[in-house]
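Asks: mmCIF, C-alpha atoms and all ligand atoms, file final-v1.cif:
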data_target
loop_
_atom_site.label_atom_id
_atom_site.label_comp_id
_atom_site.auth_asym_id
_atom_site.auth_seq_id
_atom_site.Cartn_x
_atom_site.Cartn_y
_atom_site.Cartn_z
CA MET A 1 0.00 0.00 0.00
CA PHE A 2 2.77 2.43 0.86
CA ASP A 3 4.37 1.48 -2.46
CA LYS A 4 1.28 2.63 -4.26
CA ILE A 5 1.48 5.99 -2.55
CA SER A 6 5.05 6.53 -3.67
CA THR A 7 4.27 5.41 -7.26
CA ILE A 8 1.44 7.90 -7.49
CA LYS A 9 3.65 10.55 -5.94
CA ASP A 10 6.24 10.00 -8.70
CA GLN A 11 3.50 10.23 -11.31
CA ILE A 12 2.37 13.56 -9.91
CA VAL A 13 5.88 14.99 -9.72
CA ASN A 14 6.73 13.92 -13.26
CA PHE A 15 3.51 14.99 -14.90
CA ASN A 16 3.59 18.17 -16.94
CA SER A 17 1.21 19.71 -19.43
CA SER A 18 -0.14 23.06 -20.49
CA ASP A 19 -3.13 21.57 -22.24
CA SER A 20 -6.20 22.05 -20.09
CA ASN A 21 -7.87 18.86 -21.39
CA GLU A 22 -4.85 16.79 -20.48
CA ILE A 23 -4.73 18.34 -17.04
CA GLU A 24 -8.40 17.54 -16.50
CA GLN A 25 -7.84 13.92 -17.56
CA PHE A 26 -4.95 13.71 -15.14
CA ARG A 27 -7.11 15.09 -12.33
CA ILE A 28 -9.81 12.49 -13.03
CA SER A 29 -7.24 9.69 -13.09
CA LEU A 30 -6.15 10.67 -9.56
CA LEU A 31 -9.09 12.28 -7.80
CA GLY A 32 -12.11 11.24 -9.92
CA LYS A 33 -14.63 8.69 -8.64
CA LYS A 34 -12.45 5.84 -9.85
CA GLY A 35 -9.18 7.75 -9.53
CA SER A 36 -6.13 6.11 -7.98
CA ILE A 37 -6.08 8.35 -4.90
CA THR A 38 -9.82 7.99 -4.34
CA ASN A 39 -9.27 4.27 -4.62
CA LEU A 40 -6.66 4.32 -1.86
CA PHE A 41 -9.14 6.13 0.39
CA THR A 42 -11.68 3.34 -0.08
CA GLN A 43 -9.01 0.76 0.72
CA PHE A 44 -8.17 2.56 3.95
CA ARG A 45 -10.28 0.14 5.99
CA ASN A 46 -8.09 -2.77 4.83
CA VAL A 47 -4.93 -1.26 6.22
CA PRO A 48 -3.68 -3.01 9.34
CA LEU A 49 -4.52 -1.12 12.52
CA ASP A 50 -0.93 -0.24 13.49
CA GLU A 51 -0.27 1.30 10.05
CA LYS A 52 -3.51 3.23 9.80
CA LYS A 53 -2.16 6.41 11.35
CA GLU A 54 0.92 6.70 9.14
CA PHE A 55 -0.99 5.64 6.03
CA GLY A 56 -3.72 8.20 6.63
CA LYS A 57 -1.16 10.91 7.04
CA GLN A 58 0.70 10.02 3.83
CA LEU A 59 -2.51 9.63 1.89
CA ASN A 60 -3.66 13.13 2.88
CA LEU A 61 -0.29 14.57 1.90
CA LEU A 62 -0.59 12.82 -1.45
CA LYS A 63 -4.05 14.23 -2.03
CA ASN A 64 -2.84 17.77 -1.22
CA LEU A 65 0.13 17.35 -3.51
CA ALA A 66 -2.16 16.28 -6.36
CA SER A 67 -4.55 19.19 -5.82
CA SER A 68 -1.87 21.83 -5.68
CA LYS A 69 -0.07 20.44 -8.72
CA ILE A 70 -3.30 20.50 -10.71
CA GLU A 71 -4.06 24.06 -9.60
CA GLU A 72 -0.60 25.15 -10.61
CA LEU A 73 -0.80 23.55 -14.05
CA LYS A 74 -4.28 24.99 -14.60
CA SER A 75 -3.27 28.55 -13.77
CA ASN A 76 -0.21 28.33 -16.03
CA SER A 77 -2.22 27.01 -18.91
CA GLY A 78 -4.74 29.85 -18.37
CA SER A 79 -2.10 32.59 -18.47
CA ASN A 80 -0.41 31.02 -21.49
CA LYS A 81 -3.68 31.18 -23.27
CA ALA A 82 -4.17 34.87 -22.44
CA THR A 83 -0.66 35.70 -23.56
CA LYS A 84 -1.17 33.97 -26.83
CA SER A 85 -4.56 35.37 -27.65
CA THR A 86 -4.78 38.96 -26.35
CA ILE A 87 -1.39 40.65 -25.96
CA ASP A 88 0.36 41.73 -29.10
CA PHE A 89 3.86 42.86 -28.14
CA SER A 90 4.53 44.21 -31.61
CA MET A 91 1.73 46.77 -31.30
CA THR A 92 2.82 50.45 -31.07
CA ALA A 93 1.97 52.35 -27.87
CA GLN A 94 -1.12 54.56 -27.79
CA PRO A 95 -0.17 58.26 -27.78
CA THR A 96 -1.11 60.00 -24.49
CA VAL A 97 -3.35 63.00 -24.89
CA LEU A 98 -1.90 65.93 -22.94
CA GLY A 99 -4.25 68.44 -21.35
CA SER A 100 -3.64 72.18 -21.24
CA ARG A 101 -4.33 74.91 -18.74
CA HIS A 102 -7.40 77.10 -18.97
CA PRO A 103 -6.56 80.54 -20.45
CA ILE A 104 -7.90 82.24 -17.31
CA SER A 105 -5.54 80.16 -15.17
CA ILE A 106 -2.62 80.92 -17.47
CA VAL A 107 -3.20 84.68 -17.22
CA LYS A 108 -3.82 84.46 -13.46
CA GLU A 109 -0.52 82.62 -12.93
CA GLN A 110 1.30 85.20 -15.06
CA ILE A 111 -0.10 88.05 -12.99
CA ILE A 112 0.84 86.30 -9.73
CA GLU A 113 4.34 85.66 -11.08
CA ILE A 114 4.88 89.31 -12.09
CA PHE A 115 3.79 90.63 -8.69
CA ALA A 116 5.75 87.94 -6.83
CA GLN A 117 8.91 89.46 -8.37
CA ILE A 118 8.31 92.65 -6.40
CA GLY A 119 7.34 90.99 -3.14
CA PHE A 120 3.56 90.61 -3.37
CA THR A 121 2.10 87.53 -1.67
CA VAL A 122 -1.17 85.83 -2.67
CA SER A 123 -4.21 85.94 -0.39
CA GLU A 124 -7.71 84.60 -0.82
CA GLY A 125 -11.14 85.10 0.68
CA PRO A 126 -14.58 83.47 0.52
CA GLU A 127 -16.87 83.79 -2.52
CA ILE A 128 -19.92 83.98 -0.24
CA GLU A 129 -19.31 87.21 1.58
CA ASP A 130 -21.08 89.30 4.20
CA ASP A 131 -22.26 92.86 3.69
CA TRP A 132 -19.45 94.27 5.86
CA HIS A 133 -16.55 92.91 3.81
CA ASN A 134 -18.11 93.41 0.38
CA PHE A 135 -19.66 96.87 0.95
CA THR A 136 -19.79 98.54 4.35
CA ALA A 137 -16.11 98.36 5.33
CA LEU A 138 -15.28 99.55 1.81
CA ASN A 139 -17.11 102.80 2.41
CA PHE A 140 -20.14 102.06 0.22
CA PRO A 141 -22.93 104.44 1.23
CA GLU A 142 -26.15 102.77 2.36
CA GLU A 143 -27.96 103.72 -0.86
CA HIS A 144 -25.12 102.92 -3.30
CA PRO A 145 -26.47 101.34 -6.51
CA ALA A 146 -23.90 98.49 -6.39
CA ARG A 147 -25.76 97.13 -3.38
CA ASP A 148 -28.88 96.91 -5.49
CA MET A 149 -30.52 93.55 -6.19
CA GLN A 150 -29.90 94.23 -9.87
CA ASP A 151 -26.14 93.98 -9.45
CA THR A 152 -25.69 91.65 -6.53
CA PHE A 153 -26.73 88.05 -6.00
CA PHE A 154 -28.02 88.09 -2.44
CA ILE A 155 -28.24 84.86 -0.48
CA ASN A 156 -30.11 86.49 2.38
CA LYS A 157 -30.20 89.93 4.01
CA GLU A 158 -26.64 89.65 5.29
CA MET A 159 -24.86 87.41 2.78
CA ALA A 160 -24.18 87.75 -0.95
CA LEU A 161 -21.88 86.35 -3.64
CA ARG A 162 -18.98 88.79 -3.63
CA THR A 163 -19.20 91.36 -6.41
CA HIS A 164 -15.48 92.12 -6.40
CA THR A 165 -12.24 90.87 -4.84
CA SER A 166 -11.94 94.14 -2.88
CA SER A 167 -13.62 92.20 -0.06
CA VAL A 168 -10.33 90.33 0.40
CA GLN A 169 -8.53 93.68 1.00
CA VAL A 170 -10.68 94.18 4.07
CA ARG A 171 -10.02 90.67 5.35
CA VAL A 172 -6.26 91.06 4.93
CA MET A 173 -6.18 94.48 6.63
CA GLU A 174 -8.27 93.15 9.53
CA ASN A 175 -5.94 90.21 10.06
CA GLU A 176 -2.47 91.51 9.28
CA LYS A 177 -0.35 94.40 10.40
CA PRO A 178 1.31 96.75 7.85
CA PRO A 179 3.47 96.58 5.84
CA ILE A 180 1.02 94.66 3.66
CA ARG A 181 1.79 93.75 0.06
CA THR A 182 -0.64 91.24 -1.40
CA ILE A 183 -2.66 90.31 -4.45
CA SER A 184 -5.95 88.41 -4.29
CA PRO A 185 -7.10 86.52 -7.36
CA GLY A 186 -10.58 85.02 -7.39
CA ARG A 187 -14.01 84.60 -8.90
CA VAL A 188 -16.66 87.29 -8.52
CA TYR A 189 -20.37 87.42 -9.34
CA ARG A 190 -22.72 90.04 -10.74
CA ASN A 191 -26.34 89.78 -11.66
CA GLU A 192 -25.96 90.45 -15.39
CA ALA A 193 -27.55 88.88 -18.45
CA ILE A 194 -25.01 86.62 -20.16
CA SER A 195 -23.75 87.95 -23.50
CA ALA A 196 -20.50 88.19 -25.43
CA ARG A 197 -19.57 91.27 -23.37
CA ALA A 198 -20.94 90.44 -19.91
CA HIS A 199 -21.23 87.39 -17.68
CA CYS A 200 -22.76 86.64 -14.31
CA PHE A 201 -19.39 85.46 -13.02
CA PHE A 202 -15.84 86.40 -13.93
CA HIS A 203 -12.40 86.68 -12.31
CA GLN A 204 -10.48 89.54 -10.79
CA VAL A 205 -7.09 90.16 -9.25
CA GLU A 206 -6.99 92.68 -6.46
CA GLY A 207 -3.79 94.38 -5.32
CA LEU A 208 -3.13 96.04 -1.97
CA TYR A 209 -0.09 97.82 -0.59
CA ILE A 210 -0.13 99.43 2.86
CA ASP A 211 2.88 100.97 4.58
CA LYS A 212 4.19 104.27 5.89
CA ASP A 213 4.54 106.98 3.19
CA VAL A 214 3.02 105.09 0.27
CA SER A 215 2.19 107.62 -2.44
CA PHE A 216 0.34 107.80 -5.74
CA ALA A 217 3.75 107.79 -7.47
CA ASP A 218 4.39 104.30 -6.01
CA LEU A 219 1.09 103.12 -7.45
CA LYS A 220 1.94 104.54 -10.87
CA GLN A 221 5.39 102.94 -11.00
CA THR A 222 4.10 99.57 -9.81
CA LEU A 223 1.44 99.56 -12.52
CA LEU A 224 3.94 100.66 -15.18
CA TYR A 225 6.23 97.78 -14.16
CA PHE A 226 3.30 95.36 -14.24
CA THR A 227 1.93 96.37 -17.63
CA LYS A 228 5.38 96.28 -19.25
CA ALA A 229 5.99 92.80 -17.86
CA LEU A 230 2.61 91.62 -19.10
CA PHE A 231 2.24 93.33 -22.49
CA GLY A 232 5.86 94.14 -23.41
CA GLU A 233 8.55 96.77 -22.77
CA GLU A 234 7.10 99.26 -25.26
CA THR A 235 3.77 99.49 -23.37
CA LYS A 236 2.67 102.96 -22.21
CA ILE A 237 0.13 103.73 -19.50
CA ARG A 238 -2.17 106.60 -18.64
CA LEU A 239 -4.36 107.25 -15.62
CA ARG A 240 -7.78 108.88 -15.89
CA PRO A 241 -9.59 110.27 -12.84
CA SER A 242 -12.43 108.01 -11.69
CA TYR A 243 -14.49 107.16 -8.63
CA PHE A 244 -14.65 104.20 -6.26
CA PRO A 245 -16.06 104.49 -2.73
CA PHE A 246 -12.99 102.78 -1.25
CA THR A 247 -10.21 104.79 -2.92
CA GLU A 248 -9.47 108.51 -2.88
CA PRO A 249 -8.22 109.71 -5.31
CA SER A 250 -9.36 107.01 -7.73
CA ALA A 251 -8.27 106.35 -11.28
CA GLU A 252 -8.82 104.13 -14.27
CA LEU A 253 -5.67 102.70 -15.87
CA ASP A 254 -5.35 102.51 -19.67
CA VAL A 255 -2.53 100.75 -21.53
CA SER A 256 -1.46 101.55 -25.06
CA CYS A 257 -3.24 99.12 -27.37
CA SER A 258 -1.09 95.98 -27.59
CA ILE A 259 -2.71 95.05 -30.89
CA CYS A 260 -2.06 98.17 -33.01
CA GLY A 261 0.71 99.58 -30.80
CA GLY A 262 -1.35 102.73 -30.17
CA LYS A 263 -2.04 103.63 -33.80
CA GLY A 264 -5.74 102.82 -33.53
CA CYS A 265 -7.66 99.67 -34.47
CA ASN A 266 -11.11 98.18 -33.93
CA VAL A 267 -10.07 96.55 -30.61
CA CYS A 268 -9.15 99.91 -29.04
CA LYS A 269 -11.97 101.58 -31.01
CA TYR A 270 -9.36 103.73 -32.78
CA SER A 271 -8.35 105.45 -29.54
CA GLY A 272 -4.98 103.67 -29.19
CA TRP A 273 -5.81 102.95 -25.50
CA LEU A 274 -7.36 100.03 -23.61
CA GLU A 275 -8.88 100.29 -20.16
CA ILE A 276 -7.65 97.46 -17.92
CA MET A 277 -8.18 98.30 -14.26
CA GLY A 278 -9.45 100.53 -11.50
CA CYS A 279 -7.09 101.80 -8.82
CA GLY A 280 -6.44 104.51 -6.27
CA MET A 281 -5.19 105.39 -2.79
CA VAL A 282 -7.02 103.44 -0.07
CA ASP A 283 -9.62 105.77 1.45
CA PRO A 284 -8.77 106.71 5.09
CA ASN A 285 -12.27 105.58 6.09
CA VAL A 286 -11.47 102.08 4.86
CA LEU A 287 -8.20 102.00 6.82
CA GLU A 288 -10.09 103.10 9.93
CA ASN A 289 -12.78 100.46 9.38
CA CYS A 290 -9.97 97.87 9.37
CA LYS A 291 -8.31 99.32 12.51
CA ILE A 292 -5.31 100.74 10.67
CA ASP A 293 -4.38 104.30 11.66
CA PRO A 294 -4.63 106.52 8.54
CA LYS A 295 -2.38 109.13 10.21
CA VAL A 296 0.47 106.62 10.26
CA TYR A 297 -0.22 104.47 7.23
CA SER A 298 -1.31 104.99 3.66
CA GLY A 299 -1.64 102.63 0.73
CA TYR A 300 -2.89 101.93 -2.72
CA ALA A 301 -5.22 99.34 -4.19
CA PHE A 302 -6.06 98.20 -7.68
CA GLY A 303 -8.35 95.65 -9.26
CA MET A 304 -8.47 94.15 -12.73
CA GLY A 305 -10.58 91.60 -14.58
CA ILE A 306 -8.66 88.50 -15.68
CA GLU A 307 -11.02 87.84 -18.61
CA ARG A 308 -10.38 91.38 -19.85
CA ILE A 309 -6.60 90.80 -19.85
CA ALA A 310 -7.01 87.37 -21.47
CA GLN A 311 -9.22 88.94 -24.14
CA LEU A 312 -6.46 91.39 -25.00
CA LYS A 313 -3.67 88.82 -24.86
CA TYR A 314 -5.48 86.21 -26.94
CA GLN A 315 -7.92 88.45 -28.83
CA VAL A 316 -10.91 86.41 -27.74
CA ASN A 317 -13.93 88.64 -28.08
CA ASP A 318 -16.71 86.50 -26.63
CA LEU A 319 -16.66 86.14 -22.82
CA ARG A 320 -18.89 83.08 -22.94
CA LEU A 321 -16.11 80.98 -24.47
CA TYR A 322 -14.24 81.00 -21.14
CA SER A 323 -16.90 79.00 -19.35
CA GLU A 324 -18.37 76.78 -22.04
CA ASN A 325 -15.69 74.07 -21.73
CA ASP A 326 -15.47 73.63 -25.48
CA LEU A 327 -12.35 71.54 -26.07
CA ARG A 328 -11.81 73.05 -29.52
CA PHE A 329 -11.33 76.42 -27.78
CA LEU A 330 -9.40 75.19 -24.73
CA LYS A 331 -6.97 73.04 -26.72
CA GLN A 332 -5.46 76.14 -28.30
CA PHE A 333 -3.85 77.30 -25.04
CA LYS A 334 -0.50 75.95 -23.96
CA SER A 335 1.64 77.30 -21.17
CA GLU A 336 4.81 76.70 -19.20
CA LEU A 337 3.14 77.89 -16.02
N1 LIG B 1 -13.27 96.63 -7.04
C1 LIG B 1 -13.24 97.46 -8.22
C2 LIG B 1 -14.13 96.81 -9.28
O1 LIG B 1 -14.68 95.78 -9.07
C3 LIG B 1 -11.86 97.60 -8.78
C4 LIG B 1 -10.93 98.35 -7.86
C5 LIG B 1 -10.15 97.67 -6.95
C6 LIG B 1 -10.81 99.75 -7.93
C7 LIG B 1 -9.28 98.35 -6.11
C8 LIG B 1 -9.96 100.42 -7.11
C9 LIG B 1 -9.20 99.73 -6.21
O2 LIG B 1 -14.33 97.36 -10.32
#
Show me this structure written as structure tokens.
Ligand code: PHE

Replies:
Amino acid sequence: MFDKISTIKDQIVNFNSSDSNEIEQFRISLLGKKGSITNLFTQFRNVPLDEKKEFGKQLNLLKNLASSKIEELKSNSGSNKATKSTIDFSMTAQPTVLGSRHPISIVKEQIIEIFAQIGFTVSEGPEIEDDWHNFTALNFPEEHPARDMQDTFFINKEMALRTHTSSVQVRVMENEKPPIRTISPGRVYRNEAISARAHCFFHQVEGLYIDKDVSFADLKQTLLYFTKALFGEETKIRLRPSYFPFTEPSAELDVSCSICGGKGCNVCKYSGWLEIMGCGMVDPNVLENCKIDPKVYSGYAFGMGIERIAQLKYQVNDLRLYSENDLRFLKQFKSEL
């Protein structure tokens, strides 16, 4: 009987095949109803008592050996099959489609980069803003039209979607001590009908500089540096008097038209100038509202629309394109940043 066990053991060790039919036949010949191992189990009762223990042990080992060998052969034959039928190693690799950055992100990163060169940090604030940070602290009179339902998306009496990134100015001044030098990029919302020239949301970058003895000349030089870096060395700027509740004096900044170089074209409406941002000296009332002493500190602020800059850089004249996610449009923008 023990001889039989070792014969079968040899058979198992020596058997090899990758053909699944052959393997199945082999399994039946050992473990099937009339298989040699099954047979030994039925003969177990004929084994003399004193050998029963050892025989049982060896027989179980034999059965395990057979099962694991069959499993092993089966899994190899399976993987061989897959290799043969589905993987073609001569096939060329699929090209990977590379994405590109959104034009608004590209311009935003450029602006951040230019201001980082002269020590401006980046700060952010919430898009859902309270009345204090969006209006009151910024010196908006109670009856100012910007507070009107027609311009502002109100969430309730107190909260609204911010209408400009100037709200972040207030947050920074409340939380930090001068000197402050920061820019705040972000999305803003206004209740406007969507058209090629207006949208209910767009992006702005706010700038704020607060220190002792900051003057209008500092503002002018900073903006000249910025516009040259963004549109090219030959760019000229001009400031026109304007009004914002939170700056005094206030101005509108124009750059010489980057498309016609100032000669006049349909983009600059034959004026040679393009308006790109609002700016001014931070109103003393705003400094006071943020617990900064206007007798000690002064500062300037500016705010520009990112879409407006992107429009000029890429000559895209329909604002809606920026939020339609049309791949044919987006694919055209590539950037290092
Ligand atoms: N917040 C103004 C706007 O939305 C822009 C601005 C910012 C003007 C800072 C002056 C100073 O148009």

Asks: Which residue, A:Phe154, A:Ala137, A:Ser298, A:Val188, has the smallest gap to A:Ser215 when you use only C-alpha atoms?

Replies: A:Ser298

Asks: Counting only C-alpha atoms and all ligand atoms, name the residues that have an atom within 8 Å of an atom of ligand LIG 1 (chain B); the answer should be given as a ChimeraX atom specification.

Replies: /A:163-166,204,206-208,244,246-247,250-252,277-282,300-304

Asks: Take the residues from that selection and write them out as a compact mmCIF listing (two decimals), in the coordinates of the input, keeping C-alpha atoms.

Replies:
# COMPACT_ATOMS: atom_id res chain seq x y z
CA THR A 163 -19.20 91.36 -6.41
CA HIS A 164 -15.48 92.12 -6.40
CA THR A 165 -12.24 90.87 -4.84
CA SER A 166 -11.94 94.14 -2.88
CA GLN A 204 -10.48 89.54 -10.79
CA GLU A 206 -6.99 92.68 -6.46
CA GLY A 207 -3.79 94.38 -5.32
CA LEU A 208 -3.13 96.04 -1.97
CA PHE A 244 -14.65 104.20 -6.26
CA PHE A 246 -12.99 102.78 -1.25
CA THR A 247 -10.21 104.79 -2.92
CA SER A 250 -9.36 107.01 -7.73
CA ALA A 251 -8.27 106.35 -11.28
CA GLU A 252 -8.82 104.13 -14.27
CA MET A 277 -8.18 98.30 -14.26
CA GLY A 278 -9.45 100.53 -11.50
CA CYS A 279 -7.09 101.80 -8.82
CA GLY A 280 -6.44 104.51 -6.27
CA MET A 281 -5.19 105.39 -2.79
CA VAL A 282 -7.02 103.44 -0.07
CA TYR A 300 -2.89 101.93 -2.72
CA ALA A 301 -5.22 99.34 -4.19
CA PHE A 302 -6.06 98.20 -7.68
CA GLY A 303 -8.35 95.65 -9.26
CA MET A 304 -8.47 94.15 -12.73

Asks: Using all atoms listed in the file, which of A:Glu124, A:Asn60, A:Asp211, A:Tyr314 sits nearest A:Val296?

Replies: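 Ranking A:Glu124, A:Asn60, A:Asp211, A:Tyr314 by distance to A:Val296, first place goes to A:Asp211.
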
Asks: Give me the residues near stretch 322-324 of chain A as an MDAnalysis selection string, where near means some atom within 10 Å (using only C-alpha atoms) and where sequence neighbours in that chain fewer than 6 positions away do not count.

Replies: chainID A and resid 102:104 199 201:202 307 310:311 316 330

Asks: Between atom CA of A:His203 and atom CA of A:Ile111, what is the distance in Å, rounded to a tenth?

Replies: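 Between atom CA of A:His203 and atom CA of A:Ile111 the gap works out to 12.4 Å.
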
Asks: What's the separation between atom CA of A:Gln117 and atom CA of A:Trp273, in Å to one decimal place?

Replies: 26.3 Å

Asks: In terms of the shortest atom-to-atom distance over only C-alpha atoms, which of A:Ile237, A:Leu73, A:Ile210, A:Met1 is closest to A:Gln43?

Replies: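 Nearest candidate to A:Gln43 out of A:Ile237, A:Leu73, A:Ile210, A:Met1: A:Met1.
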
Asks: Could you tell me how far atom CA of A:Ile292 lies from atom CA of A:Ile306, in Å and to one decimal?

Replies: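 Straight-line distance from atom CA of A:Ile292 to atom CA of A:Ile306 works out to 29.2 Å.
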
Asks: When distances are computed from only C-alpha atoms, which of A:Asp318, A:Pro95, A:Gly262, A:Asp218 shows the smallest separation from A:Glu234?

Replies: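 Closest candidate: A:Gly262.
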
Asks: Counting all atoms listed in the file, figure out which residue out of A:Ile8, A:Ala146, A:Leu31, A:Ile118 gets nearest to A:Ile70.

Replies: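 When distances to A:Ile70 are compared using all atoms listed in the file, the smallest one comes from A:Leu31.
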
Asks: Nearest to A:His144: which of A:Phe115, A:Thr235, A:Pro245, A:Ile106 is it, counting all atoms listed in the file?

Replies: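 Using all atoms listed in the file, A:His144 sits closest to A:Pro245.
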
Asks: Edge lengths and centre in Å to one decimal, as JSON, is what I'm after for the box along x, y and z that holds all listed atoms of stretch 97-105 of chain A once 3 Å is added on each side.

Replies:
{"center_x": -4.9, "center_y": 72.6, "center_z": -20.0, "size_x": 12.0, "size_y": 25.2, "size_z": 15.7}

Asks: Which neighbours of A:Ser100 fall inside 7 Å, counting all atoms listed in the file, when residues of the same chain fewer than 5 positions from it are skipped, and could you give them as a VMD selection string?

Replies: chain A and resid 331 333 to 334

Asks: Could stretch 41-48 of chain A be completed with all heavy atoms and returned as a compact mmCIF listing (two decimals), in the coordinates of the input?

Replies:
# COMPACT_ATOMS: atom_id res chain seq x y z
N PHE A 41 -8.29 5.76 -0.75
CA PHE A 41 -9.14 6.13 0.39
C PHE A 41 -10.14 5.03 0.73
O PHE A 41 -10.37 4.73 1.89
CB PHE A 41 -9.88 7.45 0.09
CG PHE A 41 -9.07 8.67 0.46
CD1 PHE A 41 -8.38 9.39 -0.50
CD2 PHE A 41 -9.01 9.09 1.80
CE1 PHE A 41 -7.64 10.51 -0.16
CE2 PHE A 41 -8.26 10.22 2.14
CZ PHE A 41 -7.57 10.93 1.17
N THR A 42 -10.69 4.40 -0.36
CA THR A 42 -11.68 3.34 -0.08
C THR A 42 -11.01 2.09 0.51
O THR A 42 -11.62 1.34 1.26
CB THR A 42 -12.46 2.94 -1.35
OG1 THR A 42 -11.55 2.87 -2.44
CG2 THR A 42 -13.59 3.88 -1.68
N GLN A 43 -9.71 1.94 0.19
CA GLN A 43 -9.01 0.76 0.72
C GLN A 43 -8.49 0.98 2.14
O GLN A 43 -7.90 0.09 2.74
CB GLN A 43 -7.84 0.40 -0.20
CG GLN A 43 -8.32 -0.27 -1.47
CD GLN A 43 -7.18 -0.63 -2.37
OE1 GLN A 43 -6.09 -0.92 -1.89
NE2 GLN A 43 -7.43 -0.61 -3.67
N PHE A 44 -8.71 2.18 2.65
CA PHE A 44 -8.17 2.56 3.95
C PHE A 44 -8.56 1.54 5.05
O PHE A 44 -7.77 1.17 5.90
CB PHE A 44 -8.68 3.96 4.32
CG PHE A 44 -8.10 4.50 5.60
CD1 PHE A 44 -6.76 4.89 5.67
CD2 PHE A 44 -8.90 4.61 6.74
CE1 PHE A 44 -6.24 5.39 6.84
CE2 PHE A 44 -8.36 5.10 7.92
CZ PHE A 44 -7.03 5.50 7.97
N ARG A 45 -9.83 1.07 4.94
CA ARG A 45 -10.28 0.14 5.99
C ARG A 45 -9.52 -1.18 6.00
O ARG A 45 -9.50 -1.89 6.98
CB ARG A 45 -11.79 -0.09 5.91
CG ARG A 45 -12.27 -0.65 4.59
CD ARG A 45 -13.78 -0.63 4.52
NE ARG A 45 -14.20 -0.23 3.19
CZ ARG A 45 -14.54 -1.11 2.24
NH1 ARG A 45 -14.57 -2.39 2.48
NH2 ARG A 45 -14.88 -0.69 1.04
N ASN A 46 -8.86 -1.52 4.87
CA ASN A 46 -8.09 -2.77 4.83
C ASN A 46 -6.68 -2.63 5.39
O ASN A 46 -5.96 -3.60 5.53
CB ASN A 46 -7.97 -3.27 3.38
CG ASN A 46 -9.34 -3.47 2.76
OD1 ASN A 46 -10.31 -3.78 3.47
ND2 ASN A 46 -9.44 -3.30 1.43
N VAL A 47 -6.30 -1.46 5.69
CA VAL A 47 -4.93 -1.26 6.22
C VAL A 47 -4.86 -1.77 7.66
O VAL A 47 -5.77 -1.52 8.45
CB VAL A 47 -4.58 0.26 6.18
CG1 VAL A 47 -3.22 0.52 6.78
CG2 VAL A 47 -4.64 0.78 4.75
N PRO A 48 -3.79 -2.50 7.97
CA PRO A 48 -3.68 -3.01 9.34
C PRO A 48 -3.70 -1.86 10.37
O PRO A 48 -3.21 -0.77 10.07
CB PRO A 48 -2.30 -3.70 9.35
CG PRO A 48 -1.90 -3.85 7.93
CD PRO A 48 -2.67 -2.91 7.12
